[in-house]
$ cat query-v7.txt   # compact mmCIF, C-alpha atoms
# COMPACT_ATOMS: atom_id res chain seq x y z
CA MET A 131 109.55 106.32 95.42
CA HIS A 132 110.75 104.74 98.65
CA ASP A 133 110.31 105.35 102.34
CA GLN A 134 111.88 104.23 105.58
CA VAL A 135 109.92 103.53 108.73
CA LYS A 136 110.84 102.03 112.10
CA PRO A 137 112.83 98.82 111.54
CA VAL A 138 112.24 95.44 113.16
CA ALA A 139 115.10 93.95 115.17
CA GLY A 140 116.57 90.65 114.06
CA PRO A 141 117.60 89.11 110.74
CA ILE A 142 117.03 91.20 107.63
CA VAL A 143 114.09 90.03 105.53
CA VAL A 144 112.82 91.74 102.39
CA ALA A 145 109.55 90.77 100.71
CA THR A 146 108.94 91.72 97.09
CA ASP A 147 106.12 91.52 94.57
CA ALA A 148 105.08 92.85 91.16
CA SER A 149 101.87 93.71 89.37
CA VAL A 150 101.77 93.79 85.56
CA ALA A 151 99.16 94.76 82.97
CA SER A 152 100.06 95.15 79.29
CA GLU A 153 102.82 97.81 79.21
CA LEU A 154 102.18 98.94 82.78
CA ALA A 155 104.31 97.46 85.54
CA SER A 156 104.72 98.12 89.24
CA CYS A 157 107.08 96.68 91.85
CA GLY A 158 106.64 96.78 95.61
CA TYR A 159 108.90 95.81 98.49
CA VAL A 160 108.97 95.91 102.29
CA ALA A 161 112.03 95.11 104.41
CA THR A 162 112.59 94.63 108.12
CA THR A 163 115.20 97.39 107.90
CA GLY A 164 112.24 99.75 107.57
CA HIS A 165 112.71 100.29 103.85
CA SER A 166 109.70 100.08 101.57
CA GLY A 167 108.84 101.36 98.16
CA VAL A 168 106.90 101.32 94.91
CA ARG A 169 108.32 101.72 91.40
CA ALA A 170 105.65 101.99 88.72
CA HIS A 171 106.28 102.76 85.06
CA LEU A 172 105.62 101.94 81.44
CA HIS A 173 107.60 98.93 80.24
CA PRO A 174 107.58 98.65 76.42
CA ARG A 175 106.56 95.21 75.16
CA ARG A 176 109.61 95.03 72.91
CA LEU A 177 111.86 94.63 75.97
CA THR A 178 110.38 91.31 77.09
CA GLN A 179 108.34 88.41 75.69
CA SER A 180 104.79 88.36 77.02
CA SER A 181 105.29 84.85 78.44
CA THR A 182 107.97 86.12 80.83
CA ARG A 183 106.76 89.68 81.47
CA VAL A 184 105.56 88.91 85.01
CA VAL A 185 108.78 87.06 85.92
CA VAL A 186 110.85 90.00 84.68
CA HIS A 187 109.00 92.40 86.94
CA GLU A 188 109.08 90.03 89.91
CA LEU A 189 112.85 90.08 89.46
CA ARG A 190 112.87 93.86 89.13
CA ALA A 191 111.01 94.05 92.46
CA VAL A 192 113.75 91.92 94.05
CA TYR A 193 116.38 94.26 92.62
CA TRP A 194 114.78 97.40 94.04
CA GLY A 195 114.22 95.82 97.43
CA LEU A 196 117.82 94.60 97.60
CA ASN A 197 119.14 97.90 96.29
CA ALA A 198 117.63 99.72 99.27
CA VAL A 199 118.61 97.13 101.88
CA LEU A 200 122.17 96.38 100.76
CA THR A 201 122.98 100.08 100.57
CA ALA A 202 121.75 100.62 104.13
CA ALA A 203 123.14 97.43 105.68
CA PRO A 204 126.21 96.33 103.72
CA GLY A 205 127.70 93.00 104.75
CA ARG A 206 124.70 91.72 106.68
CA PRO A 207 122.90 88.51 105.63
CA VAL A 208 119.63 89.15 103.81
CA GLU A 209 116.72 86.80 103.18
CA VAL A 210 114.60 87.66 100.14
CA ARG A 211 111.03 86.34 100.18
CA CYS A 212 109.34 86.13 96.79
CA ASP A 213 106.10 84.40 95.77
CA SER A 214 107.19 83.81 92.15
CA LEU A 215 108.75 80.40 91.50
CA GLY A 216 109.76 81.61 88.04
CA ALA A 217 111.76 84.49 89.53
CA LEU A 218 113.31 82.22 92.15
CA HIS A 219 114.49 79.87 89.39
CA PHE A 220 116.61 82.65 87.89
CA LEU A 221 117.83 83.91 91.27
CA ALA A 222 119.03 80.42 92.25
CA GLN A 223 120.75 79.98 88.92
CA TRP A 224 122.45 83.38 89.08
CA ALA A 225 123.63 82.69 92.64
CA GLN A 226 125.47 79.69 91.20
CA GLY A 227 127.11 81.73 88.44
CA GLY A 228 124.52 81.16 85.70
CA SER A 229 123.71 83.81 83.14
CA ASP A 230 120.38 82.80 81.54
CA MET A 231 117.77 85.54 81.29
CA PRO A 232 113.97 85.33 80.94
CA ALA A 233 112.92 84.70 77.34
CA GLY A 234 113.08 87.80 75.21
CA TYR A 235 114.63 90.03 77.87
CA ASP A 236 116.59 92.75 76.09
CA THR A 237 120.12 92.91 77.58
CA GLU A 238 121.27 95.84 75.44
CA LEU A 239 122.25 98.99 77.33
CA ARG A 240 119.36 101.32 78.03
CA SER A 241 119.28 105.03 77.28
CA GLU A 242 122.28 107.02 78.52
CA GLY A 243 124.30 103.78 78.73
CA ARG A 244 122.44 102.36 81.75
CA THR A 245 122.86 98.66 82.53
CA PRO A 246 119.60 96.66 82.36
CA THR A 247 118.15 95.98 85.80
CA LEU A 248 118.28 92.19 85.56
CA LEU A 249 121.96 92.22 84.62
CA LYS A 250 122.62 94.23 87.78
CA LEU A 251 120.53 91.79 89.81
CA GLN A 252 122.40 88.86 88.31
CA MET A 253 125.68 90.33 89.58
CA ILE A 254 124.20 90.99 93.03
CA ALA A 255 122.91 87.41 93.28
CA GLU A 256 126.26 85.93 92.26
CA TYR A 257 128.65 88.13 94.19
CA THR A 258 126.84 89.17 97.39
CA PRO A 259 127.61 86.83 100.30
CA GLY A 260 124.85 86.05 102.76
CA LEU A 261 121.95 86.32 100.32
CA THR A 262 119.23 83.68 100.48
CA PHE A 263 116.12 83.45 98.31
CA VAL A 264 112.98 81.87 99.76
CA HIS A 265 109.58 81.05 98.27
CA GLU A 266 106.78 82.77 100.18
CA LYS A 267 103.36 81.42 99.29
CA ALA A 268 101.11 84.27 98.18
CA HIS A 269 97.83 85.36 99.78
CA VAL A 270 98.04 83.24 102.92
CA GLY A 271 98.48 86.11 105.36
CA HIS A 272 102.26 86.63 105.56
CA PRO A 273 102.40 90.33 106.57
CA LEU A 274 105.43 91.37 104.51
CA ASN A 275 104.31 89.51 101.39
CA GLU A 276 100.80 90.93 101.65
CA ALA A 277 102.20 94.45 102.00
CA ALA A 278 104.53 94.06 99.01
CA ASP A 279 101.60 92.77 96.95
CA SER A 280 99.41 95.70 98.03
CA LEU A 281 102.14 98.23 97.23
CA ALA A 282 102.68 96.77 93.76
CA LYS A 283 98.95 96.94 93.04
CA LEU A 284 98.82 100.49 94.39
CA GLY A 285 101.50 101.54 91.91
CA LEU A 286 99.52 100.02 89.04
CA ARG A 287 96.38 101.89 90.12
CA CYS A 288 98.42 105.09 90.17
CA LEU A 289 99.61 104.50 86.59
CA ARG A 290 96.02 104.00 85.51
CA GLY A 291 95.03 107.31 87.10
CA ILE A 292 92.79 105.68 89.70
CA VAL A 293 94.93 106.75 92.65
CA PRO A 294 96.77 110.12 92.73
CA ALA A 295 100.52 110.09 93.33
CA SER A 296 100.03 111.99 96.59
CA GLU A 297 98.01 109.06 97.93
CA VAL A 298 100.79 106.64 97.01
CA SER A 299 103.23 108.75 99.01
CA ARG A 300 100.89 108.62 101.99
CA HIS A 301 100.07 104.91 101.82
CA VAL A 302 103.58 103.46 101.40
CA PRO A 303 104.95 104.27 104.88
CA LEU A 304 101.58 103.59 106.51
CA TRP A 305 101.21 100.13 105.00
CA ALA A 306 104.86 99.31 105.64
CA THR A 307 104.52 100.27 109.31
CA ASN A 308 101.42 98.12 109.72
CA ALA A 309 103.10 95.16 107.99
CA LEU A 310 106.25 95.41 110.07
CA ASP A 311 104.23 95.67 113.28
CA ALA A 312 102.31 92.52 112.32
CA TYR A 313 105.53 90.76 111.33
CA ALA A 314 107.16 91.66 114.65
CA ARG A 315 104.15 90.33 116.56
CA SER A 316 104.12 87.07 114.61
CA THR A 317 107.86 86.65 115.13
CA ARG A 318 107.55 87.20 118.88
CA SER A 319 104.64 84.76 119.21
CA SER A 320 106.40 82.05 117.22
CA SER A 321 109.55 82.37 119.36
CA ARG A 322 107.74 81.99 122.68
CA PRO A 323 108.31 78.59 124.32
CA ALA A 324 105.32 76.30 124.39
CA PRO A 325 103.68 76.00 127.83
CA SER A 326 104.85 72.99 129.77
CA SER A 327 102.45 70.17 130.55
CA PRO A 328 101.22 69.95 134.14
$ encode --input "query-v7.txt" --output "structure tokens"
Amino acid sequence: MHDQVKPVAGPIVVATDASVASELASCGYVATTGHSGVRAHLHPRRLTQSSTRVVVHELRAVYWGLNAVLTAAPGRPVEVRCDSLGALHFLAQWAQGGSDMPAGYDTELRSEGRTPTLLKLQMIAEYTPGLTFVHEKAHVGHPLNEAADSLAKLGLRCLRGIVPASEVSRHVPLWATNALDAYARSTRSSSRPAPSSP
């Protein structure tokens, strides 16, 4: 599911995160365009080696965040903020025309002939001008990163039956709004000139 709330003026930034447990996986994203979302599902172990399962879903979170933003704002520069160095390694390589995939990632077509998500992300990274990928340190109070992390964990709790789907639908726009408000405040305060010395 995805929602759109009031956007924040200025450069487009999208923060993404993933939460993974066994065959359960959830991706969350929040963008300054006002787009936010959670995608939670079963992900069979056969599709990915366990050593790279988290990286795969961090990359899937980037795909879903970019998918929403690039559709709504084609041609505009976009900065992706991700707290996974493993995911950023692949994104940087793909942006330079590389084609390596995380270990064990199944690149065969999915059911009904669908292209695997990471192959689609690889093409986006290579052929979309104006994309930049930035490491955002986790759990240090960055509003967008914290919201993406919370949304990913919310999706996992929904899969486990702890949180009903109706609550997910309610929380996504609320948390995104709060995160974007905090981000806008932090951006305004950091852009204010320092007071001059007497």
$ residues_around --input "query-v7.txt" --residues "segment 245-256 of chain A" --least-positions-apart "3" --cutoff "10 Å" --atoms "all atoms listed in the file" --output "mmCIF file with C-alpha atoms, keeping the file's coordinate frame"
data_model
loop_
_atom_site.group_PDB
_atom_site.id
_atom_site.type_symbol
_atom_site.label_atom_id
_atom_site.label_comp_id
_atom_site.auth_asym_id
_atom_site.auth_seq_id
_atom_site.Cartn_x
_atom_site.Cartn_y
_atom_site.Cartn_z
ATOM 1 C CA VAL A 186 110.850 90.000 84.680
ATOM 2 C CA HIS A 187 109.000 92.400 86.940
ATOM 3 C CA LEU A 189 112.850 90.080 89.460
ATOM 4 C CA ARG A 190 112.870 93.860 89.130
ATOM 5 C CA ALA A 191 111.010 94.050 92.460
ATOM 6 C CA VAL A 192 113.750 91.920 94.050
ATOM 7 C CA TYR A 193 116.380 94.260 92.620
ATOM 8 C CA TRP A 194 114.780 97.400 94.040
ATOM 9 C CA LEU A 196 117.820 94.600 97.600
ATOM 10 C CA ASN A 197 119.140 97.900 96.290
ATOM 11 C CA LEU A 200 122.170 96.380 100.760
ATOM 12 C CA PHE A 220 116.610 82.650 87.890
ATOM 13 C CA LEU A 221 117.830 83.910 91.270
ATOM 14 C CA ALA A 222 119.030 80.420 92.250
ATOM 15 C CA GLN A 223 120.750 79.980 88.920
ATOM 16 C CA TRP A 224 122.450 83.380 89.080
ATOM 17 C CA ALA A 225 123.630 82.690 92.640
ATOM 18 C CA GLN A 226 125.470 79.690 91.200
ATOM 19 C CA GLY A 227 127.110 81.730 88.440
ATOM 20 C CA GLY A 228 124.520 81.160 85.700
ATOM 21 C CA SER A 229 123.710 83.810 83.140
ATOM 22 C CA ASP A 230 120.380 82.800 81.540
ATOM 23 C CA MET A 231 117.770 85.540 81.290
ATOM 24 C CA PRO A 232 113.970 85.330 80.940
ATOM 25 C CA TYR A 235 114.630 90.030 77.870
ATOM 26 C CA ASP A 236 116.590 92.750 76.090
ATOM 27 C CA THR A 237 120.120 92.910 77.580
ATOM 28 C CA GLU A 238 121.270 95.840 75.440
ATOM 29 C CA LEU A 239 122.250 98.990 77.330
ATOM 30 C CA ARG A 240 119.360 101.320 78.030
ATOM 31 C CA SER A 241 119.280 105.030 77.280
ATOM 32 C CA GLU A 242 122.280 107.020 78.520
ATOM 33 C CA PRO A 259 127.610 86.830 100.300
ATOM 34 C CA GLY A 260 124.850 86.050 102.760
ATOM 35 C CA LEU A 261 121.950 86.320 100.320
ATOM 36 C CA THR A 262 119.230 83.680 100.480
ATOM 37 C CA PHE A 263 116.120 83.450 98.310
#
$ atom_distance --input "query-v7.txt" --atom1 "atom CA of Arg211 of chain A" --atom2 "atom CA of Gly291 of chain A"
29.4 Å
$ closest_residue --input "query-v7.txt" --among "A:Leu154, A:Val264, A:Ala161, A:Leu274" --to "Ala139 of chain A" --atoms "only C-alpha atoms"
A:Ala161
$ closest_residue --input "query-v7.txt" --among "A:His269, A:Arg206, A:Arg175, A:Arg315" --to "Val143 of chain A" --atoms "all atoms listed in the file"
A:Arg206
$ closest_residue --input "query-v7.txt" --among "A:Leu281, A:Val160, A:Ala268, A:Val168" --to "Asp213 of chain A" --atoms "all atoms listed in the file"
A:Ala268
$ residues_around --input "query-v7.txt" --residues "Pro141 of chain A" --least-positions-apart "6" --cutoff "10 Å" --atoms "all atoms listed in the file" --output "list of chain:residue names"
A:Thr162, A:Thr163, A:Arg206, A:Pro207, A:Val208, A:Glu209
$ residues_around --input "query-v7.txt" --residues "Leu304 of chain A" --least-positions-apart "4" --cutoff "12 Å" --atoms "only C-alpha atoms" --output "list in words"
Asp133, Gln134, Val135, Lys136, Val160, Gly164, His165, Ser166, Gly167, Ala277, Ser280, Leu281, Glu297, Val298, Ser299, Arg300, Asn308, Ala309, Leu310 and Asp311 of chain A
$ closest_residue --input "query-v7.txt" --among "A:Ala233, A:Ala203, A:Cys288, A:Ala217" --to "Ser181 of chain A" --atoms "all atoms listed in the file"
A:Ala233
$ atom_distance --input "query-v7.txt" --atom1 "atom CA of Ser319 of chain A" --atom2 "atom CA of Val302 of chain A"
25.8 Å
$ build_atoms --input "query-v7.txt" --residues "segment 225-236 of chain A" --atoms "all heavy atoms" --output "tab-separated table (two decimals), keeping the file's coordinate frame"
chain	number	residue	atom	x	y	z
A	225	ALA	N	122.81	82.85	91.43
A	225	ALA	CA	123.63	82.69	92.64
A	225	ALA	C	124.73	81.65	92.44
A	225	ALA	O	125.77	81.70	93.10
A	225	ALA	CB	122.75	82.32	93.82
A	226	GLN	N	124.49	80.73	91.50
A	226	GLN	CA	125.47	79.69	91.20
A	226	GLN	C	126.35	80.05	90.01
A	226	GLN	O	127.09	79.21	89.50
A	226	GLN	CB	124.76	78.36	90.92
A	226	GLN	CG	123.98	77.82	92.12
A	226	GLN	CD	124.88	77.54	93.31
A	226	GLN	OE1	125.94	76.96	93.16
A	226	GLN	NE2	124.45	77.98	94.49
A	227	GLY	N	126.26	81.29	89.54
A	227	GLY	CA	127.11	81.73	88.44
A	227	GLY	C	126.48	81.62	87.07
A	227	GLY	O	127.14	81.88	86.06
A	228	GLY	N	125.20	81.26	86.98
A	228	GLY	CA	124.52	81.16	85.70
A	228	GLY	C	124.26	82.53	85.10
A	228	GLY	O	124.34	83.56	85.78
A	229	SER	N	123.92	82.53	83.81
A	229	SER	CA	123.71	83.81	83.14
A	229	SER	C	122.45	83.85	82.28
A	229	SER	O	122.23	84.80	81.56
A	229	SER	CB	124.93	84.15	82.26
A	229	SER	OG	125.14	83.12	81.29
A	230	ASP	N	121.62	82.80	82.33
A	230	ASP	CA	120.38	82.80	81.54
A	230	ASP	C	119.48	83.94	81.98
A	230	ASP	O	119.44	84.30	83.16
A	230	ASP	CB	119.63	81.48	81.70
A	230	ASP	CG	120.34	80.32	80.99
A	230	ASP	OD1	121.28	80.59	80.22
A	230	ASP	OD2	119.93	79.17	81.22
A	231	MET	N	118.74	84.48	81.02
A	231	MET	CA	117.77	85.54	81.29
A	231	MET	C	116.38	85.07	80.86
A	231	MET	O	116.26	84.15	80.05
A	231	MET	CB	118.14	86.80	80.50
A	231	MET	CG	119.35	87.53	81.02
A	231	MET	SD	118.96	88.45	82.52
A	231	MET	CE	120.56	88.49	83.34
A	232	PRO	N	115.32	85.67	81.40
A	232	PRO	CA	113.97	85.33	80.94
A	232	PRO	C	113.85	85.52	79.43
A	232	PRO	O	114.49	86.41	78.85
A	232	PRO	CB	113.09	86.33	81.69
A	232	PRO	CG	113.86	86.66	82.93
A	232	PRO	CD	115.30	86.65	82.51
A	233	ALA	N	113.05	84.69	78.80
A	233	ALA	CA	112.92	84.70	77.34
A	233	ALA	C	112.56	86.08	76.81
A	233	ALA	O	111.63	86.72	77.29
A	233	ALA	CB	111.85	83.69	76.92
A	234	GLY	N	113.36	86.54	75.86
A	234	GLY	CA	113.08	87.80	75.21
A	234	GLY	C	113.56	89.03	75.95
A	234	GLY	O	113.37	90.15	75.47
A	235	TYR	N	114.18	88.86	77.12
A	235	TYR	CA	114.63	90.03	77.87
A	235	TYR	C	115.77	90.71	77.13
A	235	TYR	O	116.79	90.09	76.81
A	235	TYR	CB	115.08	89.64	79.28
A	235	TYR	CG	115.49	90.83	80.13
A	235	TYR	CD1	114.53	91.68	80.64
A	235	TYR	CD2	116.83	91.08	80.42
A	235	TYR	CE1	114.88	92.78	81.42
A	235	TYR	CE2	117.19	92.17	81.20
A	235	TYR	CZ	116.22	93.01	81.69
A	235	TYR	OH	116.57	94.09	82.45
A	236	ASP	N	115.61	91.98	76.85
A	236	ASP	CA	116.59	92.75	76.09
A	236	ASP	C	117.75	93.15	77.00
A	236	ASP	O	117.56	93.92	77.95
A	236	ASP	CB	115.92	94.00	75.51
A	236	ASP	CG	116.83	94.80	74.60
A	236	ASP	OD1	118.04	94.49	74.53
A	236	ASP	OD2	116.34	95.75	73.97
